[in-house]
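> Pasting query.cif below, which is mmCIF, N, CA, C and O atoms.
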data_run
loop_
_atom_site.label_atom_id
_atom_site.label_comp_id
_atom_site.auth_asym_id
_atom_site.auth_seq_id
_atom_site.Cartn_x
_atom_site.Cartn_y
_atom_site.Cartn_z
N CYS A 429 3.58 21.10 13.97
CA CYS A 429 2.36 21.83 13.77
C CYS A 429 1.66 21.30 12.51
O CYS A 429 2.26 21.24 11.43
N ILE A 430 0.42 20.92 12.64
CA ILE A 430 -0.31 20.31 11.54
C ILE A 430 -0.48 21.26 10.37
O ILE A 430 -0.37 20.86 9.21
N SER A 431 -0.73 22.52 10.63
CA SER A 431 -0.94 23.47 9.54
C SER A 431 0.33 23.67 8.71
O SER A 431 0.26 23.82 7.49
N VAL A 432 1.48 23.63 9.35
CA VAL A 432 2.75 23.74 8.62
C VAL A 432 2.97 22.50 7.76
O VAL A 432 3.33 22.61 6.59
N ARG A 433 2.73 21.32 8.33
CA ARG A 433 2.86 20.07 7.57
C ARG A 433 1.92 20.08 6.37
O ARG A 433 2.31 19.71 5.26
N THR A 434 0.70 20.52 6.58
CA THR A 434 -0.29 20.57 5.50
C THR A 434 0.19 21.49 4.38
O THR A 434 0.12 21.13 3.20
N LYS A 435 0.67 22.66 4.73
CA LYS A 435 1.16 23.61 3.73
C LYS A 435 2.36 23.05 2.98
O LYS A 435 2.45 23.19 1.74
N LEU A 436 3.28 22.41 3.68
CA LEU A 436 4.44 21.81 3.02
C LEU A 436 4.02 20.74 2.02
O LEU A 436 4.51 20.69 0.89
N LEU A 437 3.08 19.88 2.42
CA LEU A 437 2.62 18.84 1.51
C LEU A 437 1.81 19.41 0.35
O LEU A 437 1.87 18.89 -0.77
N ASP A 438 1.05 20.46 0.59
CA ASP A 438 0.37 21.15 -0.51
C ASP A 438 1.39 21.65 -1.53
O ASP A 438 1.21 21.50 -2.74
N ASN A 439 2.46 22.26 -1.03
CA ASN A 439 3.51 22.78 -1.93
C ASN A 439 4.17 21.66 -2.71
O ASN A 439 4.44 21.82 -3.91
N ILE A 440 4.45 20.55 -2.05
CA ILE A 440 5.08 19.41 -2.74
C ILE A 440 4.15 18.88 -3.82
O ILE A 440 4.57 18.61 -4.94
N ALA A 441 2.86 18.74 -3.50
CA ALA A 441 1.90 18.24 -4.48
C ALA A 441 1.77 19.20 -5.66
O ALA A 441 1.77 18.78 -6.83
N ALA A 442 1.68 20.49 -5.38
CA ALA A 442 1.56 21.48 -6.44
C ALA A 442 2.79 21.48 -7.34
O ALA A 442 2.67 21.57 -8.57
N GLN A 443 3.96 21.34 -6.75
CA GLN A 443 5.20 21.29 -7.54
C GLN A 443 5.24 20.03 -8.39
O GLN A 443 5.62 20.08 -9.56
N HIS A 444 4.84 18.90 -7.83
CA HIS A 444 4.82 17.65 -8.59
C HIS A 444 3.88 17.78 -9.80
O HIS A 444 4.23 17.39 -10.91
N ILE A 445 2.71 18.35 -9.59
CA ILE A 445 1.73 18.52 -10.66
C ILE A 445 2.28 19.45 -11.74
O ILE A 445 2.12 19.20 -12.93
N ALA A 446 2.96 20.52 -11.34
CA ALA A 446 3.53 21.46 -12.30
C ALA A 446 4.62 20.82 -13.15
O ALA A 446 4.72 21.07 -14.35
N ILE A 447 5.42 19.96 -12.54
CA ILE A 447 6.52 19.30 -13.26
C ILE A 447 6.03 18.13 -14.11
O ILE A 447 6.58 17.86 -15.16
N HIS A 448 4.98 17.45 -13.64
CA HIS A 448 4.46 16.26 -14.30
C HIS A 448 2.99 16.51 -14.68
O HIS A 448 2.09 16.16 -13.94
N PRO A 449 2.75 17.11 -15.85
CA PRO A 449 1.38 17.45 -16.21
C PRO A 449 0.43 16.26 -16.34
O PRO A 449 -0.78 16.42 -16.20
N ASN A 450 0.93 15.07 -16.59
CA ASN A 450 0.10 13.86 -16.67
C ASN A 450 0.25 13.05 -15.39
O ASN A 450 0.46 11.84 -15.43
N SER A 451 0.13 13.72 -14.27
CA SER A 451 0.43 13.08 -13.00
C SER A 451 -0.79 12.43 -12.36
O SER A 451 -1.93 12.60 -12.79
N LEU A 452 -0.48 11.69 -11.31
CA LEU A 452 -1.49 11.05 -10.46
C LEU A 452 -1.03 11.25 -9.03
O LEU A 452 0.12 10.95 -8.70
N VAL A 453 -1.92 11.74 -8.18
CA VAL A 453 -1.63 11.87 -6.77
C VAL A 453 -2.50 10.84 -6.04
O VAL A 453 -3.70 10.74 -6.30
N ILE A 454 -1.87 10.08 -5.15
CA ILE A 454 -2.59 9.08 -4.36
C ILE A 454 -2.38 9.43 -2.90
O ILE A 454 -1.26 9.41 -2.41
N GLU A 455 -3.49 9.76 -2.22
CA GLU A 455 -3.43 10.05 -0.78
C GLU A 455 -3.83 8.79 -0.03
O GLU A 455 -4.97 8.33 -0.12
N LEU A 456 -2.89 8.24 0.70
CA LEU A 456 -3.12 7.04 1.50
C LEU A 456 -3.59 7.46 2.89
O LEU A 456 -2.96 8.30 3.53
N GLY A 457 -4.70 6.88 3.35
CA GLY A 457 -5.26 7.30 4.62
C GLY A 457 -5.74 8.74 4.53
O GLY A 457 -5.49 9.55 5.40
N ALA A 458 -6.46 9.05 3.46
CA ALA A 458 -6.82 10.44 3.12
C ALA A 458 -7.76 11.09 4.11
O ALA A 458 -7.76 12.31 4.25
N GLY A 459 -8.57 10.29 4.80
CA GLY A 459 -9.54 10.90 5.71
C GLY A 459 -10.47 11.83 4.96
O GLY A 459 -10.98 11.49 3.91
N LEU A 460 -10.64 13.03 5.47
CA LEU A 460 -11.48 14.03 4.81
C LEU A 460 -10.63 15.15 4.22
O LEU A 460 -11.00 16.31 4.21
N SER A 461 -9.48 14.77 3.71
CA SER A 461 -8.54 15.73 3.12
C SER A 461 -9.23 16.57 2.05
O SER A 461 -10.03 16.08 1.27
N SER A 462 -8.84 17.83 1.99
CA SER A 462 -9.35 18.72 0.94
C SER A 462 -8.21 19.18 0.02
O SER A 462 -8.37 20.13 -0.75
N ARG A 463 -7.09 18.50 0.10
CA ARG A 463 -5.92 18.89 -0.70
C ARG A 463 -6.22 18.90 -2.20
O ARG A 463 -5.77 19.79 -2.92
N TYR A 464 -6.99 17.94 -2.67
CA TYR A 464 -7.34 17.91 -4.10
C TYR A 464 -7.95 19.25 -4.52
O TYR A 464 -7.59 19.79 -5.56
N TYR A 465 -8.86 19.78 -3.72
CA TYR A 465 -9.51 21.03 -4.07
C TYR A 465 -8.58 22.23 -3.96
O TYR A 465 -8.75 23.22 -4.67
N ARG A 466 -7.58 22.15 -3.10
CA ARG A 466 -6.62 23.25 -2.96
C ARG A 466 -5.59 23.27 -4.07
O ARG A 466 -5.20 24.35 -4.52
N VAL A 467 -5.11 22.10 -4.51
CA VAL A 467 -3.98 22.10 -5.46
C VAL A 467 -4.17 21.24 -6.69
O VAL A 467 -3.41 21.39 -7.65
N GLY A 468 -5.16 20.35 -6.74
CA GLY A 468 -5.22 19.42 -7.85
C GLY A 468 -6.43 19.51 -8.76
O GLY A 468 -6.40 19.00 -9.88
N ALA A 469 -7.49 20.15 -8.33
CA ALA A 469 -8.73 20.16 -9.11
C ALA A 469 -8.50 20.72 -10.51
O ALA A 469 -7.96 21.81 -10.68
N GLY A 470 -8.88 19.93 -11.51
CA GLY A 470 -8.74 20.35 -12.89
C GLY A 470 -7.34 20.25 -13.45
O GLY A 470 -7.10 20.61 -14.60
N LYS A 471 -6.40 19.74 -12.64
CA LYS A 471 -5.00 19.71 -13.07
C LYS A 471 -4.41 18.31 -13.17
O LYS A 471 -3.40 18.12 -13.82
N THR A 472 -5.00 17.34 -12.47
CA THR A 472 -4.39 16.02 -12.38
C THR A 472 -5.42 14.98 -11.97
O THR A 472 -6.53 15.32 -11.56
N GLN A 473 -5.05 13.72 -12.08
CA GLN A 473 -5.86 12.64 -11.52
C GLN A 473 -5.52 12.53 -10.03
O GLN A 473 -4.38 12.74 -9.63
N TRP A 474 -6.53 12.14 -9.24
CA TRP A 474 -6.33 12.08 -7.80
C TRP A 474 -7.10 10.89 -7.24
O TRP A 474 -8.27 10.71 -7.58
N ILE A 475 -6.45 10.10 -6.41
CA ILE A 475 -7.10 8.97 -5.74
C ILE A 475 -6.94 9.17 -4.24
O ILE A 475 -5.84 9.43 -3.75
N GLU A 476 -8.05 9.05 -3.52
CA GLU A 476 -8.02 9.11 -2.06
C GLU A 476 -8.40 7.73 -1.54
O GLU A 476 -9.46 7.21 -1.88
N LEU A 477 -7.53 7.15 -0.75
CA LEU A 477 -7.73 5.81 -0.21
C LEU A 477 -7.88 5.88 1.29
O LEU A 477 -7.11 6.55 1.97
N ASP A 478 -8.92 5.20 1.80
CA ASP A 478 -9.09 5.11 3.25
C ASP A 478 -10.03 3.94 3.54
O ASP A 478 -10.58 3.33 2.63
N LEU A 479 -10.20 3.66 4.80
CA LEU A 479 -11.06 2.56 5.23
C LEU A 479 -12.50 2.79 4.76
O LEU A 479 -12.92 3.95 4.61
N PRO A 480 -13.25 1.72 4.53
CA PRO A 480 -14.62 1.87 4.02
C PRO A 480 -15.49 2.82 4.84
O PRO A 480 -16.25 3.63 4.26
N GLU A 481 -15.41 2.77 6.16
CA GLU A 481 -16.25 3.65 6.96
C GLU A 481 -15.90 5.12 6.77
O GLU A 481 -16.76 6.00 6.84
N VAL A 482 -14.64 5.41 6.50
CA VAL A 482 -14.22 6.79 6.24
C VAL A 482 -14.70 7.23 4.86
O VAL A 482 -15.21 8.34 4.69
N ILE A 483 -14.56 6.35 3.88
CA ILE A 483 -15.02 6.68 2.52
C ILE A 483 -16.53 6.86 2.50
O ILE A 483 -17.06 7.73 1.79
N ASP A 484 -17.26 6.10 3.30
CA ASP A 484 -18.72 6.29 3.39
C ASP A 484 -19.05 7.71 3.85
O ASP A 484 -19.95 8.36 3.30
N ILE A 485 -18.33 8.20 4.86
CA ILE A 485 -18.54 9.57 5.33
C ILE A 485 -18.18 10.55 4.22
O ILE A 485 -18.90 11.51 3.94
N ARG A 486 -17.05 10.29 3.58
CA ARG A 486 -16.60 11.17 2.49
C ARG A 486 -17.66 11.28 1.40
O ARG A 486 -17.94 12.36 0.90
N LEU A 487 -18.25 10.14 1.03
CA LEU A 487 -19.25 10.13 -0.04
C LEU A 487 -20.53 10.86 0.37
O LEU A 487 -21.30 11.27 -0.50
N SER A 488 -20.74 11.04 1.67
CA SER A 488 -21.92 11.78 2.10
C SER A 488 -21.74 13.29 1.95
O SER A 488 -22.72 14.04 1.97
N ILE A 489 -20.49 13.74 1.75
CA ILE A 489 -20.22 15.17 1.61
C ILE A 489 -19.49 15.54 0.32
O ILE A 489 -19.29 16.71 0.03
N ASP A 490 -19.09 14.55 -0.47
CA ASP A 490 -18.29 14.79 -1.66
C ASP A 490 -18.69 13.77 -2.73
O ASP A 490 -19.27 12.74 -2.42
N SER A 491 -18.36 14.05 -3.96
CA SER A 491 -18.69 13.15 -5.07
C SER A 491 -17.43 12.78 -5.84
O SER A 491 -16.55 13.62 -6.04
N GLN A 492 -17.40 11.55 -6.29
CA GLN A 492 -16.31 11.10 -7.14
C GLN A 492 -16.52 11.60 -8.57
O GLN A 492 -17.65 11.80 -9.00
N THR A 493 -15.42 11.76 -9.26
CA THR A 493 -15.45 12.04 -10.70
C THR A 493 -14.42 11.13 -11.35
O THR A 493 -13.70 10.40 -10.64
N SER A 494 -14.31 11.18 -12.64
CA SER A 494 -13.29 10.36 -13.30
C SER A 494 -11.89 10.85 -12.94
O SER A 494 -10.92 10.08 -12.97
N GLU A 495 -11.76 12.10 -12.54
CA GLU A 495 -10.47 12.68 -12.16
C GLU A 495 -10.17 12.53 -10.67
O GLU A 495 -9.01 12.51 -10.27
N HIS A 496 -11.20 12.43 -9.85
CA HIS A 496 -11.05 12.42 -8.38
C HIS A 496 -11.82 11.23 -7.84
O HIS A 496 -13.04 11.27 -7.72
N ARG A 497 -11.09 10.15 -7.49
CA ARG A 497 -11.72 8.90 -7.09
C ARG A 497 -11.42 8.56 -5.64
O ARG A 497 -10.41 8.97 -5.09
N PHE A 498 -12.31 7.76 -5.04
CA PHE A 498 -12.16 7.30 -3.66
C PHE A 498 -12.09 5.78 -3.66
O PHE A 498 -12.91 5.12 -4.29
N LEU A 499 -11.13 5.22 -2.94
CA LEU A 499 -11.01 3.78 -2.79
C LEU A 499 -11.23 3.42 -1.33
O LEU A 499 -10.53 3.92 -0.45
N ALA A 500 -12.20 2.55 -1.11
CA ALA A 500 -12.59 2.15 0.25
C ALA A 500 -11.92 0.83 0.60
O ALA A 500 -12.47 -0.25 0.39
N THR A 501 -10.71 0.92 1.14
CA THR A 501 -9.97 -0.27 1.52
C THR A 501 -8.82 0.12 2.45
O THR A 501 -8.44 1.28 2.52
N SER A 502 -8.29 -0.86 3.13
CA SER A 502 -7.12 -0.63 3.95
C SER A 502 -5.88 -0.51 3.07
O SER A 502 -5.76 -1.23 2.07
N VAL A 503 -4.98 0.35 3.44
CA VAL A 503 -3.72 0.47 2.71
C VAL A 503 -2.94 -0.84 2.78
O VAL A 503 -2.13 -1.14 1.90
N LEU A 504 -3.21 -1.66 3.80
CA LEU A 504 -2.52 -2.95 3.94
C LEU A 504 -3.05 -4.01 2.99
O LEU A 504 -2.40 -5.02 2.76
N ASP A 505 -4.24 -3.80 2.43
CA ASP A 505 -4.81 -4.71 1.43
C ASP A 505 -4.28 -4.27 0.07
O ASP A 505 -4.81 -3.36 -0.55
N GLN A 506 -3.25 -4.91 -0.39
CA GLN A 506 -2.53 -4.44 -1.57
C GLN A 506 -3.31 -4.54 -2.88
O GLN A 506 -2.84 -4.07 -3.91
N THR A 507 -4.51 -5.08 -2.85
CA THR A 507 -5.29 -5.17 -4.08
C THR A 507 -5.68 -3.78 -4.62
O THR A 507 -5.97 -3.64 -5.81
N TRP A 508 -5.65 -2.75 -3.78
CA TRP A 508 -5.97 -1.41 -4.25
C TRP A 508 -4.99 -0.95 -5.33
O TRP A 508 -5.33 -0.12 -6.17
N MET A 509 -3.81 -1.54 -5.34
CA MET A 509 -2.81 -1.15 -6.34
C MET A 509 -3.26 -1.49 -7.75
O MET A 509 -2.80 -0.87 -8.72
N ASN A 510 -4.20 -2.44 -7.88
CA ASN A 510 -4.75 -2.78 -9.19
C ASN A 510 -5.60 -1.64 -9.76
O ASN A 510 -5.92 -1.64 -10.95
N GLU A 511 -5.98 -0.69 -8.93
CA GLU A 511 -6.80 0.45 -9.36
C GLU A 511 -5.98 1.62 -9.89
O GLU A 511 -6.54 2.59 -10.38
N ILE A 512 -4.67 1.52 -9.77
CA ILE A 512 -3.81 2.61 -10.25
C ILE A 512 -3.77 2.56 -11.77
O ILE A 512 -3.46 1.53 -12.36
N PRO A 513 -4.11 3.68 -12.42
CA PRO A 513 -4.07 3.70 -13.89
C PRO A 513 -2.66 3.46 -14.41
O PRO A 513 -1.68 3.72 -13.72
N ALA A 514 -2.58 2.98 -15.64
CA ALA A 514 -1.28 2.78 -16.29
C ALA A 514 -0.67 4.16 -16.53
O ALA A 514 -1.16 4.94 -17.33
N ILE A 515 0.36 4.45 -15.79
CA ILE A 515 1.00 5.76 -15.85
C ILE A 515 2.48 5.56 -15.48
O ILE A 515 2.81 4.66 -14.72
N GLU A 516 3.32 6.37 -16.05
CA GLU A 516 4.75 6.26 -15.74
C GLU A 516 4.97 6.49 -14.24
O GLU A 516 4.41 7.43 -13.66
N PRO A 517 5.78 5.64 -13.60
CA PRO A 517 5.98 5.75 -12.15
C PRO A 517 6.44 7.12 -11.67
O PRO A 517 6.03 7.58 -10.60
N GLU A 518 7.26 7.80 -12.47
CA GLU A 518 7.75 9.11 -12.03
C GLU A 518 6.64 10.17 -12.00
O GLU A 518 6.82 11.25 -11.43
N ASN A 519 5.49 9.87 -12.58
CA ASN A 519 4.36 10.80 -12.57
C ASN A 519 3.43 10.59 -11.38
O ASN A 519 2.46 11.33 -11.22
N ILE A 520 3.72 9.60 -10.54
CA ILE A 520 2.86 9.29 -9.40
C ILE A 520 3.48 9.88 -8.13
O ILE A 520 4.66 9.70 -7.85
N LEU A 521 2.64 10.56 -7.36
CA LEU A 521 3.04 11.07 -6.06
C LEU A 521 2.16 10.40 -5.01
O LEU A 521 0.93 10.47 -5.09
N PHE A 522 2.77 9.73 -4.05
CA PHE A 522 2.06 9.14 -2.92
C PHE A 522 2.18 10.07 -1.73
O PHE A 522 3.28 10.54 -1.42
N ILE A 523 1.07 10.33 -1.07
CA ILE A 523 1.06 11.13 0.15
C ILE A 523 0.47 10.26 1.25
O ILE A 523 -0.60 9.67 1.08
N ALA A 524 1.17 10.17 2.36
CA ALA A 524 0.69 9.38 3.51
C ALA A 524 0.75 10.27 4.75
O ALA A 524 1.40 9.94 5.74
N GLU A 525 0.08 11.38 4.70
CA GLU A 525 0.10 12.36 5.78
C GLU A 525 -0.65 11.83 7.00
O GLU A 525 -1.85 11.57 6.95
N GLY A 526 0.07 11.61 8.07
CA GLY A 526 -0.55 11.16 9.30
C GLY A 526 -0.95 9.70 9.33
O GLY A 526 -1.50 9.22 10.32
N LEU A 527 -0.67 8.95 8.30
CA LEU A 527 -1.10 7.55 8.21
C LEU A 527 -0.31 6.62 9.11
O LEU A 527 -0.87 5.77 9.80
N PHE A 528 0.97 6.77 9.15
CA PHE A 528 1.82 5.78 9.80
C PHE A 528 1.71 5.76 11.32
O PHE A 528 2.13 4.82 11.97
N TYR A 529 1.10 6.77 11.89
CA TYR A 529 0.86 6.79 13.34
C TYR A 529 -0.06 5.64 13.76
O TYR A 529 -0.06 5.23 14.91
N TYR A 530 -0.86 5.14 12.83
CA TYR A 530 -1.86 4.13 13.13
C TYR A 530 -1.32 2.70 13.04
O TYR A 530 -2.05 1.74 13.30
N PHE A 531 -0.06 2.53 12.68
CA PHE A 531 0.50 1.20 12.49
C PHE A 531 1.59 0.89 13.50
O PHE A 531 2.29 1.79 13.97
N GLU A 532 1.73 -0.38 13.77
CA GLU A 532 2.85 -0.85 14.55
C GLU A 532 4.08 -0.86 13.65
O GLU A 532 3.96 -0.95 12.44
N LYS A 533 5.24 -0.79 14.24
CA LYS A 533 6.48 -0.77 13.48
C LYS A 533 6.58 -1.97 12.53
O LYS A 533 7.03 -1.86 11.40
N SER A 534 6.12 -3.13 12.95
CA SER A 534 6.20 -4.35 12.14
C SER A 534 5.30 -4.30 10.91
O SER A 534 5.51 -5.01 9.95
N GLU A 535 4.27 -3.44 10.94
CA GLU A 535 3.36 -3.33 9.79
C GLU A 535 3.94 -2.45 8.71
O GLU A 535 3.55 -2.46 7.60
#
Mind turning the file's structure into C-alpha cells?


Amino acid sequence: CISVRTKLLDNIAAQHIAIHPNSLVIELGAGLSSRYYRVGAGKTQWIELDLPEVIDIRLSIDSQTSEHRFLATSVLDQTWMNEIPAIEPENILFIAEGLFYYFEKSE
C-alpha cells in the first residue's frame, strides 16, 4: 500500500533529522514528492533529484531555496553527486521511494 510506505518513509526521515540536526536528505527520483514539507521544512537541507522534464513540472508549482534544492538529471548520471554539500556521510539520508521499478536489474 503506497500510503503505508509513504508514512514509513516519513517516519524514517523525521527520525534521521531528529538524530542528525545537521542532516541532508536526498530524494532520488523524487517526482512531485511533498515529503520535505511534511517532515523537513525548516529543519534540514533537502535535495530532490529527478529527470529534467519532471523538475520542469516541479518548478512550475514549487520554488527552490538554499535549503530545498532540485537537481534535473538522471540518477544514473553520477555527476549529480558533485552537488552534494560537504557533510559527514552519517548525516545523509538517501530515499529512493519507487525509483527502482524503472530500472532493469543490470542497471

> Out of A:Ser502, A:Ile445, A:Ile454, A:Leu527, which residue has the shortest atom-to-atom distance to Val467 in chain A when counting only C-alpha atoms?

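Going through A:Ser502, A:Ile445, A:Ile454, A:Leu527 one by one, the smallest distance to Val467 in chain A is for A:Ile445.
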
> Step one, run DSSP on the backbone; step two, keep only residues of chain A assigned to helix (DSSP H, G or I); then write them as number ranges by chain.

A: 430-447, 463-468, 480-489, 506-511, 517-519, 528-530

> If you measure from atom C of Phe522 in chain A to atom O of Leu456 in chain A, what distance in Å do you get, rounded to one decimal?

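Atom-to-atom, atom C of Phe522 in chain A to atom O of Leu456 in chain A, that is 7.6 Å.
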
> One number please: CA of Gln492 in chain A to atom N of Ala514 in chain A, in Å, one decimal.

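Atom-to-atom, CA of Gln492 in chain A and atom N of Ala514 in chain A are spaced 18.1 Å apart.
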
> Could you jot down the atom N of Trp508 in chain A to atom N of Arg486 in chain A separation for me, Å, one decimal place?

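A separation of 18.8 Å between them.
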
> Expanded to explicit residues, what is the PyMOL selection byres (((chain A and resi 443 and name CA) around 12) and name CA) for this file, as a list in words?

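Selected by the PyMOL selection byres (((chain A and resi 443 and name CA) around 12) and name CA) in this file: Leu436, Leu437, Asp438, Asn439, Ile440, Ala441, Ala442, His444, Ile445, Ala446, Ile447, His448, Pro449, Ser451, Val453, Val467, Gly468, Lys471, Thr472, Asn519 and Leu521 of chain A.
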
> From the options A:Met509, A:Gly459, A:Ile523, A:Val503, which residue's atoms come nearest to Ile485 in chain A, counting all atoms listed in the file?

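Checking each of A:Met509, A:Gly459, A:Ile523, A:Val503 against Ile485 in chain A, counting all atoms listed in the file, the winner is A:Gly459.
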
> Using all atoms listed in the file, pick whichever of A:Arg433, A:Ser534, A:Leu477, A:Ile520 has the shortest atom-to-atom distance to Leu499 in chain A.

A:Leu477

> Using only N, CA, C and O atoms, find the one residue out of A:Ile483, A:Ala469, A:Ile489, A:Leu452 that sits nearest to Pro517 in chain A.

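Selected residue with least distance to Pro517 in chain A: A:Leu452.
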
> Looking only at strand (DSSP E) from DSSP on the backbone, list the matching residues of range 429-534 of chain A as a list of chain:residue names.

A:Leu452, A:Val453, A:Ile454, A:Glu455, A:Leu456, A:Gln473, A:Trp474, A:Ile475, A:Glu476, A:Leu477, A:Asp478, A:His496, A:Arg497, A:Phe498, A:Leu499, A:Ala500, A:Ile520, A:Leu521, A:Phe522, A:Ile523

> Nearest residue to Glu495 in chain A out of A:Ala524, A:Glu516, A:Gly470, A:Leu479, using only N, CA, C and O atoms?

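For Glu495 in chain A, the nearest of the candidates is A:Gly470.
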
> As JSON, numbers by chain, please: the residues near Phe498 in chain A (cut-off 10 Å, only C-alpha atoms, same-chain neighbours under 2 positions excluded).

{"A": [454, 455, 458, 474, 475, 476, 477, 478, 480, 483, 484, 486, 487, 490, 491, 492, 493, 496, 500, 501]}

> Using N, CA, C and O atoms, can you write the selected residues to a file as a CSV table (one decimal), keeping the file's coordinate frame?


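out-v6.csv was written with the following content:
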chain,number,residue,atom,x,y,z
A,454,ILE,N,-1.9,10.1,-5.2
A,454,ILE,CA,-2.6,9.1,-4.4
A,454,ILE,C,-2.4,9.4,-2.9
A,454,ILE,O,-1.3,9.4,-2.4
A,455,GLU,N,-3.5,9.8,-2.2
A,455,GLU,CA,-3.4,10.0,-0.8
A,455,GLU,C,-3.8,8.8,0.0
A,455,GLU,O,-5.0,8.3,-0.1
A,458,ALA,N,-6.5,9.0,3.5
A,458,ALA,CA,-6.8,10.4,3.1
A,458,ALA,C,-7.8,11.1,4.1
A,458,ALA,O,-7.8,12.3,4.2
A,474,TRP,N,-6.5,12.1,-9.2
A,474,TRP,CA,-6.3,12.1,-7.8
A,474,TRP,C,-7.1,10.9,-7.2
A,474,TRP,O,-8.3,10.7,-7.6
A,475,ILE,N,-6.4,10.1,-6.4
A,475,ILE,CA,-7.1,9.0,-5.7
A,475,ILE,C,-6.9,9.2,-4.2
A,475,ILE,O,-5.8,9.4,-3.8
A,476,GLU,N,-8.0,9.0,-3.5
A,476,GLU,CA,-8.0,9.1,-2.1
A,476,GLU,C,-8.4,7.7,-1.5
A,476,GLU,O,-9.5,7.2,-1.9
A,477,LEU,N,-7.5,7.2,-0.8
A,477,LEU,CA,-7.7,5.8,-0.2
A,477,LEU,C,-7.9,5.9,1.3
A,477,LEU,O,-7.1,6.6,2.0
A,478,ASP,N,-8.9,5.2,1.8
A,478,ASP,CA,-9.1,5.1,3.2
A,478,ASP,C,-10.0,3.9,3.5
A,478,ASP,O,-10.6,3.3,2.6
A,480,PRO,N,-13.2,1.7,4.5
A,480,PRO,CA,-14.6,1.9,4.0
A,480,PRO,C,-15.5,2.8,4.8
A,480,PRO,O,-16.2,3.6,4.3
A,483,ILE,N,-14.6,6.4,3.9
A,483,ILE,CA,-15.0,6.7,2.5
A,483,ILE,C,-16.5,6.9,2.5
A,483,ILE,O,-17.1,7.7,1.8
A,484,ASP,N,-17.3,6.1,3.3
A,484,ASP,CA,-18.7,6.3,3.4
A,484,ASP,C,-19.0,7.7,3.8
A,484,ASP,O,-20.0,8.4,3.3
A,486,ARG,N,-17.0,10.3,3.6
A,486,ARG,CA,-16.6,11.2,2.5
A,486,ARG,C,-17.7,11.3,1.4
A,486,ARG,O,-17.9,12.4,0.9
A,487,LEU,N,-18.2,10.1,1.0
A,487,LEU,CA,-19.2,10.1,0.0
A,487,LEU,C,-20.5,10.9,0.4
A,487,LEU,O,-21.3,11.3,-0.5
A,490,ASP,N,-19.1,14.6,-0.5
A,490,ASP,CA,-18.3,14.8,-1.7
A,490,ASP,C,-18.7,13.8,-2.7
A,490,ASP,O,-19.3,12.7,-2.4
A,491,SER,N,-18.4,14.0,-4.0
A,491,SER,CA,-18.7,13.2,-5.1
A,491,SER,C,-17.4,12.8,-5.8
A,491,SER,O,-16.6,13.6,-6.0
A,492,GLN,N,-17.4,11.6,-6.3
A,492,GLN,CA,-16.3,11.1,-7.1
A,492,GLN,C,-16.5,11.6,-8.6
A,492,GLN,O,-17.6,11.8,-9.0
A,493,THR,N,-15.4,11.8,-9.3
A,493,THR,CA,-15.4,12.0,-10.7
A,493,THR,C,-14.4,11.1,-11.4
A,493,THR,O,-13.7,10.4,-10.6
A,496,HIS,N,-11.2,12.4,-9.8
A,496,HIS,CA,-11.0,12.4,-8.4
A,496,HIS,C,-11.8,11.2,-7.8
A,496,HIS,O,-13.0,11.3,-7.7
A,500,ALA,N,-12.2,2.6,-1.1
A,500,ALA,CA,-12.6,2.2,0.2
A,500,ALA,C,-11.9,0.8,0.6
A,500,ALA,O,-12.5,-0.2,0.4
A,501,THR,N,-10.7,0.9,1.1
A,501,THR,CA,-10.0,-0.3,1.5
A,501,THR,C,-8.8,0.1,2.4
A,501,THR,O,-8.4,1.3,2.5
